[in-house]
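Coordinates from entry-v4.pdb are shown below (PDB, C-alpha atoms, pLDDT in the B column).
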ATOM      1  CA  MET A   4       0.320  25.241  -7.189  1.00 84.00           C
ATOM      2  CA  LEU A   5      -0.713  21.601  -7.510  1.00 94.00           C
ATOM      3  CA  THR A   6      -3.404  20.549  -9.936  1.00 97.00           C
ATOM      4  CA  ALA A   7      -5.235  17.264 -10.261  1.00 98.00           C
ATOM      5  CA  PRO A   8      -3.347  14.900 -12.576  1.00 98.00           C
ATOM      6  CA  THR A   9      -4.666  14.254 -16.063  1.00 98.00           C
ATOM      7  CA  ILE A  10      -5.236  10.804 -17.523  1.00 98.00           C
ATOM      8  CA  ALA A  11      -1.965  11.128 -19.464  1.00 98.00           C
ATOM      9  CA  GLU A  12      -0.093  11.971 -16.276  1.00 98.00           C
ATOM     10  CA  LEU A  13      -1.668   9.075 -14.385  1.00 98.00           C
ATOM     11  CA  LEU A  14      -0.707   6.644 -17.128  1.00 98.00           C
ATOM     12  CA  THR A  15       2.963   7.640 -16.885  1.00 98.00           C
ATOM     13  CA  SER A  16       3.130   7.385 -13.098  1.00 98.00           C
ATOM     14  CA  PRO A  17       5.176   4.339 -11.991  1.00 98.00           C
ATOM     15  CA  VAL A  18       2.858   4.018  -8.974  1.00 98.00           C
ATOM     16  CA  VAL A  19      -0.203   3.761 -11.206  1.00 98.00           C
ATOM     17  CA  VAL A  20       1.500   1.473 -13.729  1.00 98.00           C
ATOM     18  CA  GLN A  21       2.463  -0.891 -10.911  1.00 98.00           C
ATOM     19  CA  ALA A  22      -1.033  -0.793  -9.414  1.00 98.00           C
ATOM     20  CA  LEU A  23      -2.535  -1.776 -12.764  1.00 98.00           C
ATOM     21  CA  ALA A  24      -0.031  -4.612 -13.141  1.00 98.00           C
ATOM     22  CA  ASP A  25      -0.705  -5.905  -9.627  1.00 98.00           C
ATOM     23  CA  ALA A  26      -4.463  -5.755 -10.127  1.00 98.00           C
ATOM     24  CA  TRP A  27      -4.166  -7.571 -13.447  1.00 98.00           C
ATOM     25  CA  ARG A  28      -2.108 -10.375 -11.881  1.00 98.00           C
ATOM     26  CA  ASP A  29      -4.578 -10.721  -8.997  1.00 98.00           C
ATOM     27  CA  SER A  30      -7.514 -10.904 -11.429  1.00 98.00           C
ATOM     28  CA  GLU A  31      -6.367 -14.411 -12.425  1.00 98.00           C
ATOM     29  CA  PRO A  32      -7.175 -13.733 -16.091  1.00 97.00           C
ATOM     30  CA  THR A  33      -5.930 -17.126 -17.252  1.00 97.00           C
ATOM     31  CA  ASP A  34      -8.310 -19.058 -14.994  1.00 96.00           C
ATOM     32  CA  PRO A  35     -11.756 -19.304 -16.632  1.00 94.00           C
ATOM     33  CA  VAL A  36     -13.473 -20.087 -13.335  1.00 93.00           C
ATOM     34  CA  ARG A  37     -11.635 -17.800 -10.915  1.00 96.00           C
ATOM     35  CA  ARG A  38     -11.030 -14.721 -13.091  1.00 96.00           C
ATOM     36  CA  HIS A  39     -12.607 -11.618 -11.566  1.00 97.00           C
ATOM     37  CA  GLU A  40     -12.288  -7.842 -11.546  1.00 98.00           C
ATOM     38  CA  GLU A  41      -9.771  -6.126  -9.269  1.00 98.00           C
ATOM     39  CA  GLY A  42      -9.051  -2.453  -8.779  1.00 98.00           C
ATOM     40  CA  GLY A  43      -8.938   0.490  -6.449  1.00 98.00           C
ATOM     41  CA  TRP A  44      -8.393   4.195  -6.109  1.00 98.00           C
ATOM     42  CA  ILE A  45      -5.596   6.633  -6.943  1.00 98.00           C
ATOM     43  CA  TYR A  46      -4.906   9.418  -4.445  1.00 98.00           C
ATOM     44  CA  MET A  47      -2.868  12.606  -4.587  1.00 98.00           C
ATOM     45  CA  ASP A  48      -1.360  14.172  -1.473  1.00 97.00           C
ATOM     46  CA  THR A  49      -2.528  17.775  -1.699  1.00 96.00           C
ATOM     47  CA  ALA A  50       0.666  19.098  -0.060  1.00 96.00           C
ATOM     48  CA  SER A  51       3.365  17.103  -1.831  1.00 97.00           C
ATOM     49  CA  GLY A  52       1.663  15.930  -5.015  1.00 97.00           C
ATOM     50  CA  THR A  53       2.649  12.337  -4.287  1.00 98.00           C
ATOM     51  CA  LEU A  54       0.432   9.669  -5.845  1.00 98.00           C
ATOM     52  CA  THR A  55      -0.566   6.570  -3.891  1.00 98.00           C
ATOM     53  CA  THR A  56      -3.093   3.795  -4.449  1.00 98.00           C
ATOM     54  CA  ARG A  57      -5.434   1.668  -2.362  1.00 98.00           C
ATOM     55  CA  ARG A  58      -7.090  -1.559  -3.411  1.00 98.00           C
ATOM     56  CA  SER A  59     -10.770  -2.401  -3.038  1.00 98.00           C
ATOM     57  CA  ALA A  60     -12.283  -5.731  -2.116  1.00 98.00           C
ATOM     58  CA  LEU A  61     -12.206  -8.097  -5.059  1.00 96.00           C
ATOM     59  CA  GLY A  62     -15.070  -7.943  -7.520  1.00 97.00           C
ATOM     60  CA  GLY A  63     -17.080 -10.397  -9.558  1.00 95.00           C
ATOM     61  CA  GLN A  64     -16.545 -11.745 -13.028  1.00 95.00           C
ATOM     62  CA  ALA A  65     -17.691  -8.477 -14.626  1.00 97.00           C
ATOM     63  CA  VAL A  66     -18.391  -6.056 -11.796  1.00 97.00           C
ATOM     64  CA  LEU A  67     -16.473  -4.122  -9.126  1.00 98.00           C
ATOM     65  CA  ASP A  68     -17.630  -1.750  -6.387  1.00 97.00           C
ATOM     66  CA  LEU A  69     -15.411   1.332  -6.128  1.00 98.00           C
ATOM     67  CA  THR A  70     -18.056   3.592  -4.618  1.00 96.00           C
ATOM     68  CA  ALA A  71     -16.551   3.874  -1.114  1.00 97.00           C
ATOM     69  CA  PRO A  72     -12.869   4.860  -1.172  1.00 98.00           C
ATOM     70  CA  PRO A  73     -11.103   4.741   2.185  1.00 98.00           C
ATOM     71  CA  ILE A  74     -10.017   8.095   3.594  1.00 97.00           C
ATOM     72  CA  VAL A  75      -6.322   8.831   3.158  1.00 97.00           C
ATOM     73  CA  VAL A  76      -5.394  11.754   5.393  1.00 95.00           C
ATOM     74  CA  GLY A  77      -4.118  14.741   3.416  1.00 95.00           C
ATOM     75  CA  SER A  78      -5.022  13.176   0.074  1.00 97.00           C
ATOM     76  CA  VAL A  79      -7.928  13.233  -2.365  1.00 97.00           C
ATOM     77  CA  VAL A  80      -9.103  10.657  -4.886  1.00 98.00           C
ATOM     78  CA  VAL A  81      -7.881  11.585  -8.365  1.00 98.00           C
ATOM     79  CA  GLY A  82      -8.720   8.403 -10.242  1.00 98.00           C
ATOM     80  CA  THR A  83      -9.899   4.819 -10.148  1.00 98.00           C
ATOM     81  CA  PHE A  84      -8.427   1.742 -11.781  1.00 98.00           C
ATOM     82  CA  HIS A  85      -9.782  -1.703 -12.450  1.00 98.00           C
ATOM     83  CA  THR A  86      -9.337  -4.742 -14.652  1.00 98.00           C
ATOM     84  CA  HIS A  87     -11.305  -6.424 -17.421  1.00 98.00           C
ATOM     85  CA  PRO A  88     -10.000  -9.981 -17.054  1.00 98.00           C
ATOM     86  CA  ASN A  89     -12.340 -11.737 -19.468  1.00 98.00           C
ATOM     87  CA  PRO A  90     -10.538 -12.508 -22.739  1.00 97.00           C
ATOM     88  CA  THR A  91     -11.140 -10.752 -26.029  1.00 97.00           C
ATOM     89  CA  SER A  92     -10.486 -14.119 -27.717  1.00 96.00           C
ATOM     90  CA  ASP A  93     -13.744 -15.365 -26.159  1.00 93.00           C
ATOM     91  CA  GLY A  94     -15.655 -12.388 -27.522  1.00 94.00           C
ATOM     92  CA  TRP A  95     -15.473 -10.099 -24.502  1.00 97.00           C
ATOM     93  CA  ASP A  96     -15.263  -6.369 -25.123  1.00 98.00           C
ATOM     94  CA  PRO A  97     -11.990  -5.110 -23.599  1.00 98.00           C
ATOM     95  CA  GLY A  98     -12.910  -1.437 -23.429  1.00 98.00           C
ATOM     96  CA  PRO A  99     -15.076   0.601 -21.091  1.00 98.00           C
ATOM     97  CA  SER A 100     -18.649  -0.632 -20.744  1.00 97.00           C
ATOM     98  CA  ILE A 101     -21.642   1.680 -20.836  1.00 94.00           C
ATOM     99  CA  ASP A 102     -21.726   1.316 -17.043  1.00 94.00           C
ATOM    100  CA  ASP A 103     -17.996   2.142 -16.751  1.00 96.00           C
ATOM    101  CA  VAL A 104     -18.500   5.364 -18.681  1.00 97.00           C
ATOM    102  CA  GLN A 105     -21.560   6.307 -16.680  1.00 95.00           C
ATOM    103  CA  SER A 106     -19.995   5.599 -13.288  1.00 96.00           C
ATOM    104  CA  ALA A 107     -16.794   7.478 -14.154  1.00 97.00           C
ATOM    105  CA  TRP A 108     -18.748  10.633 -14.908  1.00 97.00           C
ATOM    106  CA  LEU A 109     -20.943  10.151 -11.839  1.00 96.00           C
ATOM    107  CA  LEU A 110     -17.952   9.679  -9.528  1.00 96.00           C
ATOM    108  CA  GLY A 111     -16.066  12.569 -11.167  1.00 97.00           C
ATOM    109  CA  VAL A 112     -12.583  11.111 -11.630  1.00 98.00           C
ATOM    110  CA  PRO A 113     -10.710   9.414 -14.489  1.00 98.00           C
ATOM    111  CA  CYS A 114     -11.236   5.675 -14.812  1.00 98.00           C
ATOM    112  CA  LEU A 115      -8.312   3.501 -15.970  1.00 98.00           C
ATOM    113  CA  ILE A 116      -8.949  -0.040 -17.174  1.00 98.00           C
ATOM    114  CA  GLN A 117      -6.412  -2.804 -17.736  1.00 98.00           C
ATOM    115  CA  SER A 118      -7.535  -5.344 -20.340  1.00 98.00           C
ATOM    116  CA  ASP A 119      -5.747  -8.145 -22.115  1.00 98.00           C
ATOM    117  CA  ASP A 120      -4.973  -5.889 -25.067  1.00 97.00           C
ATOM    118  CA  GLY A 121      -3.934  -2.748 -23.237  1.00 97.00           C
ATOM    119  CA  VAL A 122      -5.107   0.095 -21.034  1.00 98.00           C
ATOM    120  CA  TYR A 123      -8.340   1.977 -21.705  1.00 98.00           C
ATOM    121  CA  THR A 124      -9.637   5.149 -20.076  1.00 98.00           C
ATOM    122  CA  THR A 125     -12.961   6.894 -19.669  1.00 98.00           C
ATOM    123  CA  GLY A 126     -14.551   9.672 -17.652  1.00 98.00           C
ATOM    124  CA  PRO A 127     -13.263  13.192 -17.057  1.00 98.00           C
ATOM    125  CA  ASP A 128      -9.653  13.951 -18.007  1.00 98.00           C
ATOM    126  CA  SER A 129      -8.919  14.918 -14.395  1.00 98.00           C
ATOM    127  CA  ARG A 130     -10.732  15.114 -11.052  1.00 98.00           C
ATOM    128  CA  ARG A 131     -13.850  17.257 -11.348  1.00 97.00           C
ATOM    129  CA  GLY A 132     -13.264  20.626  -9.694  1.00 96.00           C
ATOM    130  CA  GLY A 133      -9.537  20.039  -9.106  1.00 97.00           C
ATOM    131  CA  LEU A 134      -8.083  19.073  -5.739  1.00 96.00           C
ATOM    132  CA  ALA A 135     -10.740  20.869  -3.699  1.00 93.00           C
ATOM    133  CA  GLY A 136     -13.815  19.250  -2.223  1.00 91.00           C
ATOM    134  CA  GLY A 137     -12.668  16.843   0.439  1.00 88.00           C
ATOM    135  CA  PRO A 138     -10.882  13.519   0.670  1.00 91.00           C
ATOM    136  CA  GLY A 139     -13.228  11.188  -1.222  1.00 92.00           C
ATOM    137  CA  PHE A 140     -14.710  11.648  -4.646  1.00 96.00           C
ATOM    138  CA  PRO A 141     -15.363  15.242  -5.690  1.00 96.00           C
ATOM    139  CA  PRO A 142     -18.751  16.748  -4.870  1.00 93.00           C
TER     140      PRO A 142
ATOM    141  CA  MET B  25     -41.030  -1.805 -25.050  1.00 49.00           C
ATOM    142  CA  THR B  26     -41.003   0.160 -28.290  1.00 48.00           C
ATOM    143  CA  GLY B  27     -42.633  -1.041 -31.498  1.00 48.00           C
ATOM    144  CA  ALA B  28     -40.781  -0.704 -34.776  1.00 50.00           C
ATOM    145  CA  ALA B  29     -41.019  -4.076 -36.531  1.00 51.00           C
ATOM    146  CA  SER B  30     -44.499  -5.336 -37.359  1.00 58.00           C
ATOM    147  CA  SER B  31     -45.895  -8.687 -36.222  1.00 72.00           C
ATOM    148  CA  PRO B  32     -42.742 -10.382 -34.956  1.00 77.00           C
ATOM    149  CA  THR B  33     -42.780 -14.151 -35.228  1.00 91.00           C
ATOM    150  CA  ILE B  34     -40.688 -14.426 -32.098  1.00 95.00           C
ATOM    151  CA  SER B  35     -42.277 -13.057 -28.960  1.00 96.00           C
ATOM    152  CA  GLY B  36     -40.389 -10.834 -26.586  1.00 97.00           C
ATOM    153  CA  GLU B  37     -40.581 -13.551 -23.975  1.00 97.00           C
ATOM    154  CA  ARG B  38     -38.972 -16.060 -26.347  1.00 97.00           C
ATOM    155  CA  ALA B  39     -36.281 -13.574 -27.385  1.00 98.00           C
ATOM    156  CA  LEU B  40     -35.510 -12.904 -23.754  1.00 97.00           C
ATOM    157  CA  ALA B  41     -35.228 -16.627 -23.056  1.00 98.00           C
ATOM    158  CA  ILE B  42     -32.731 -17.015 -25.918  1.00 98.00           C
ATOM    159  CA  ALA B  43     -30.626 -14.147 -24.643  1.00 98.00           C
ATOM    160  CA  HIS B  44     -30.870 -15.215 -21.035  1.00 97.00           C
ATOM    161  CA  ALA B  45     -29.657 -18.728 -21.789  1.00 97.00           C
ATOM    162  CA  ASP B  46     -26.520 -17.313 -23.390  1.00 97.00           C
ATOM    163  CA  ALA B  47     -26.009 -14.670 -20.709  1.00 97.00           C
ATOM    164  CA  GLU B  48     -26.165 -17.232 -17.909  1.00 96.00           C
ATOM    165  CA  LYS B  49     -23.377 -19.242 -19.510  1.00 94.00           C
ATOM    166  CA  ALA B  50     -21.117 -16.230 -19.965  1.00 94.00           C
ATOM    167  CA  TYR B  51     -21.839 -14.260 -16.777  1.00 94.00           C
ATOM    168  CA  ARG B  52     -23.136 -16.851 -14.285  1.00 86.00           C
ATOM    169  CA  ASP B  53     -24.665 -14.275 -11.874  1.00 90.00           C
ATOM    170  CA  LEU B  54     -27.289 -12.116 -13.580  1.00 95.00           C
ATOM    171  CA  SER B  55     -28.931 -10.848 -10.391  1.00 95.00           C
ATOM    172  CA  ILE B  56     -26.997  -7.562 -10.496  1.00 95.00           C
ATOM    173  CA  TYR B  57     -28.481  -6.510 -13.839  1.00 97.00           C
ATOM    174  CA  ARG B  58     -31.594  -4.679 -14.924  1.00 97.00           C
ATOM    175  CA  ILE B  59     -32.888  -6.089 -18.233  1.00 98.00           C
ATOM    176  CA  GLN B  60     -34.226  -3.826 -20.962  1.00 97.00           C
ATOM    177  CA  LEU B  61     -36.214  -5.321 -23.847  1.00 98.00           C
ATOM    178  CA  ALA B  62     -37.142  -3.319 -26.951  1.00 98.00           C
ATOM    179  CA  LEU B  63     -38.432  -4.269 -30.388  1.00 97.00           C
ATOM    180  CA  GLU B  64     -36.543  -2.267 -33.010  1.00 96.00           C
ATOM    181  CA  SER B  65     -36.463  -2.448 -36.813  1.00 95.00           C
ATOM    182  CA  ASP B  66     -33.582  -4.948 -36.723  1.00 96.00           C
ATOM    183  CA  GLY B  67     -35.024  -7.201 -34.032  1.00 97.00           C
ATOM    184  CA  TRP B  68     -35.364  -7.552 -30.298  1.00 98.00           C
ATOM    185  CA  HIS B  69     -32.757  -5.558 -28.373  1.00 98.00           C
ATOM    186  CA  ILE B  70     -32.014  -7.061 -24.981  1.00 98.00           C
ATOM    187  CA  ASP B  71     -29.628  -5.124 -22.757  1.00 98.00           C
ATOM    188  CA  TYR B  72     -28.346  -6.063 -19.317  1.00 97.00           C
ATOM    189  CA  GLN B  73     -27.198  -3.045 -17.353  1.00 95.00           C
ATOM    190  CA  LEU B  74     -26.031  -2.810 -13.758  1.00 95.00           C
ATOM    191  CA  LYS B  75     -28.795  -1.903 -11.301  1.00 95.00           C
ATOM    192  CA  ASP B  76     -26.371   0.363  -9.435  1.00 93.00           C
ATOM    193  CA  ALA B  77     -25.096   2.959 -11.926  1.00 89.00           C
ATOM    194  CA  ARG B  78     -22.106   3.813  -9.726  1.00 91.00           C
ATOM    195  CA  LEU B  79     -20.543   0.353 -10.018  1.00 94.00           C
ATOM    196  CA  LYS B  80     -17.800  -0.551 -12.484  1.00 96.00           C
ATOM    197  CA  GLY B  81     -18.650  -3.426 -14.765  1.00 96.00           C
ATOM    198  CA  GLY B  82     -20.872  -4.400 -17.612  1.00 97.00           C
ATOM    199  CA  GLY B  83     -23.381  -6.848 -18.937  1.00 97.00           C
ATOM    200  CA  PRO B  84     -24.312  -8.546 -22.184  1.00 98.00           C
ATOM    201  CA  HIS B  85     -26.173  -6.888 -25.044  1.00 98.00           C
ATOM    202  CA  TYR B  86     -28.112  -8.789 -27.710  1.00 98.00           C
ATOM    203  CA  VAL B  87     -30.080  -8.291 -30.875  1.00 98.00           C
ATOM    204  CA  ILE B  88     -32.384 -11.259 -31.594  1.00 98.00           C
ATOM    205  CA  ASP B  89     -33.934 -11.558 -35.068  1.00 97.00           C
ATOM    206  CA  ALA B  90     -37.667 -11.117 -34.508  1.00 96.00           C
ATOM    207  CA  THR B  91     -38.560 -13.465 -37.362  1.00 96.00           C
ATOM    208  CA  THR B  92     -36.144 -16.357 -36.936  1.00 96.00           C
ATOM    209  CA  GLY B  93     -34.988 -16.067 -33.332  1.00 96.00           C
ATOM    210  CA  ALA B  94     -31.368 -16.108 -34.477  1.00 97.00           C
ATOM    211  CA  MET B  95     -28.864 -14.091 -32.502  1.00 97.00           C
ATOM    212  CA  ALA B  96     -28.083 -11.226 -34.876  1.00 97.00           C
ATOM    213  CA  SER B  97     -25.460  -9.735 -32.592  1.00 97.00           C
ATOM    214  CA  LYS B  98     -24.134 -10.013 -29.084  1.00 96.00           C
ATOM    215  CA  ARG B  99     -21.634  -8.001 -27.087  1.00 97.00           C
ATOM    216  CA  TYR B 100     -20.159  -9.017 -23.758  1.00 98.00           C
ATOM    217  CA  GLU B 101     -19.264  -5.938 -21.750  1.00 98.00           C
ATOM    218  CA  GLN B 102     -17.243  -6.176 -18.550  1.00 97.00           C
TER     219      GLN B 102
END
What do you get writing this file as structure tokens?
Amino acid sequence: MLTAPTIAELLTSPVVVQALADAWRDSEPTDPVRRHEEGGWIYMDTASGTLTTRRSALGGQAVLDLTAPPIVVGSVVVGTFHTHPNPTSDGWDPGPSIDDVQSAWLLGVPCLIQSDDGVYTTGPDSRRGGLAGGPGFPP
Amino acid sequence: MTGAASSPTISGERALAIAHADAEKAYRDLSIYRIQLALESDGWHIDYQLKDARLKGGGPHYVIDATTGAMASKRYEQ
């Protein structure tokens, strides 16, 4: 029987690793004017267990809207991912913000964050309530 | 606003102006944040938090010395 993936399992998925790398590249972290947050959602097919990702519209310098994941037939949202492109060398905090922590618990899925010094996580260890509850975020 | 320090030399309005000037340089668009101002024992705490709690992101957080107006600490969340 399939279960919702944990943060540790998401972080070892090649699909998720690639999605984080792609989002980081698209964030333009080396451009002080154009750098911005990128990200999206991680889905699990409830029949096969296959993980896939979808990207959101691009965000702002320090904000991203992941509140409305597109429906993927046969799959549920099991995580979100986004970038923190502003550099630690300029005094920016690379880890989860207060708002990141709050939104992750509100939305009910793990939140993965790619920063310039590594990957951070916050929120529940796996989708709240398991794979039940419909295709979007868990109820 | 909460009162912990007595008779601050720097008003809350002045502390907010100091923080806001720095925040505008770092973040450019501050319209998405709700600003919280509180006088604590170590100075004015000024926190920018997203108006929509479901969004990913973060804002700046400051402590402004209530006597000198110096920036005692700042943290840029993202």
- Task: Dump as a ChimeraX atom specification the residues of chain A that approach chain B to within 8 Å, counting all atoms listed in the file.
- Result: /A:64-70,87,89,94-103,105-107,109-110
- Determine the residue set returned by the PyMOL selection byres ((chain A and resi 35) around 10) for the present structure, and present it as an MDAnalysis selection string. chainID A and resid 31:34 36:39 64 88:90
- What lies within 9 Å of Gln60 (chain B) using all atoms listed in the file, ignoring chain neighbours under 6 positions off, as a PyMOL selection string? chain B and resi 25+69-73
- In Å, with one decimal, what is the gap from CA of Ser118 (chain A) to CA of Gly43 (chain A)? 15.1 Å
- Message: Which residues would end up in the selection if the PyMOL selection byres ((chain B and resi 43) around 9) were applied here, given that I need the answer as a list in words?
- Response: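 Listing what the PyMOL selection byres ((chain B and resi 43) around 9) selects in the shown file: Arg38, Ala39, Leu40, Ala41, Ile42, His44, Ala45, Asp46, Ala47, Glu48, Ile70, Pro84, His85, Tyr86, Val87, Ile88, Met95 and Lys98 of chain B.
The gap separating CA of Val81 (chain A) from CA of Val112 (chain A) is 5.7 Å, in Å to one decimal.
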- Query: For the point (-6.2, 3.5, -6.0) in file coordinates, what residues are within 9 Å, counting only C-alpha atoms? Give the answer as a ChimeraX atom specification?
  - Reply: /A:19,22,42-46,55-59,72,80-84
- Message: As an exercise, work out the distance from CA of Thr15 (chain A) to CA of Tyr123 (chain A) in Å and give it to one decimal place.
- Response: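 CA of Tyr123 (chain A) lies at a distance of 13.5 Å from CA of Thr15 (chain A).
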- Task: May I ask which of the residues A:Ala50, A:Arg130, A:Asp25, A:Ser30 is the closest one to Val76 (chain A), counting all atoms listed in the file?
- Result: A:Ala50
- Message: Applying the PyMOL selection byres ((chain B and resi 91) around 12) to the file I just gave you, which residues come out? Please list them as a list in words.
- Response: Ala29, Ser30, Ser31, Pro32, Thr33, Ile34, Ser35, Gly36, Arg38, Ala39, Leu63, Ser65, Asp66, Gly67, Trp68, Val87, Ile88, Asp89, Ala90, Thr92, Gly93, Ala94, Met95 and Ala96 of chain B
Test item: axis-aligned box, all listed atoms of region 67-70 of chain A, 6 Å on each side, centre and edges in Å rounded to one decimal, as JSON:
{"center_x": -16.7, "center_y": -0.3, "center_z": -6.9, "size_x": 14.6, "size_y": 19.7, "size_z": 16.5}
Considering only C-alpha atoms, return as a compact mmCIF listing (two decimals) with C-alpha atoms, keeping the file's coordinate frame whatever protein or nucleic-acid residues lie within 9 Å of Thr9 (chain A), sequence-local ones (same chain, fewer than 2 positions apart) excluded.
# COMPACT_ATOMS: atom_id res chain seq x y z
CA THR A 6 -3.40 20.55 -9.94
CA ALA A 7 -5.24 17.26 -10.26
CA ALA A 11 -1.96 11.13 -19.46
CA GLU A 12 -0.09 11.97 -16.28
CA LEU A 13 -1.67 9.07 -14.38
CA LEU A 14 -0.71 6.64 -17.13
CA VAL A 81 -7.88 11.58 -8.36
CA PRO A 113 -10.71 9.41 -14.49
CA PRO A 127 -13.26 13.19 -17.06
CA ASP A 128 -9.65 13.95 -18.01
CA SER A 129 -8.92 14.92 -14.40
CA ARG A 130 -10.73 15.11 -11.05
- Message: For Pro138 (chain A), find every residue with an atom within 8 Å (counting only C-alpha atoms), except residues of its own chain fewer than 5 positions away, and show them as a ChimeraX atom specification.
- Response: /A:74-80
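Using only C-alpha atoms, the smallest distance between any of A:Leu23, A:Leu54, A:Cys114, A:Leu61 and Glu41 (chain A) comes from A:Leu61.
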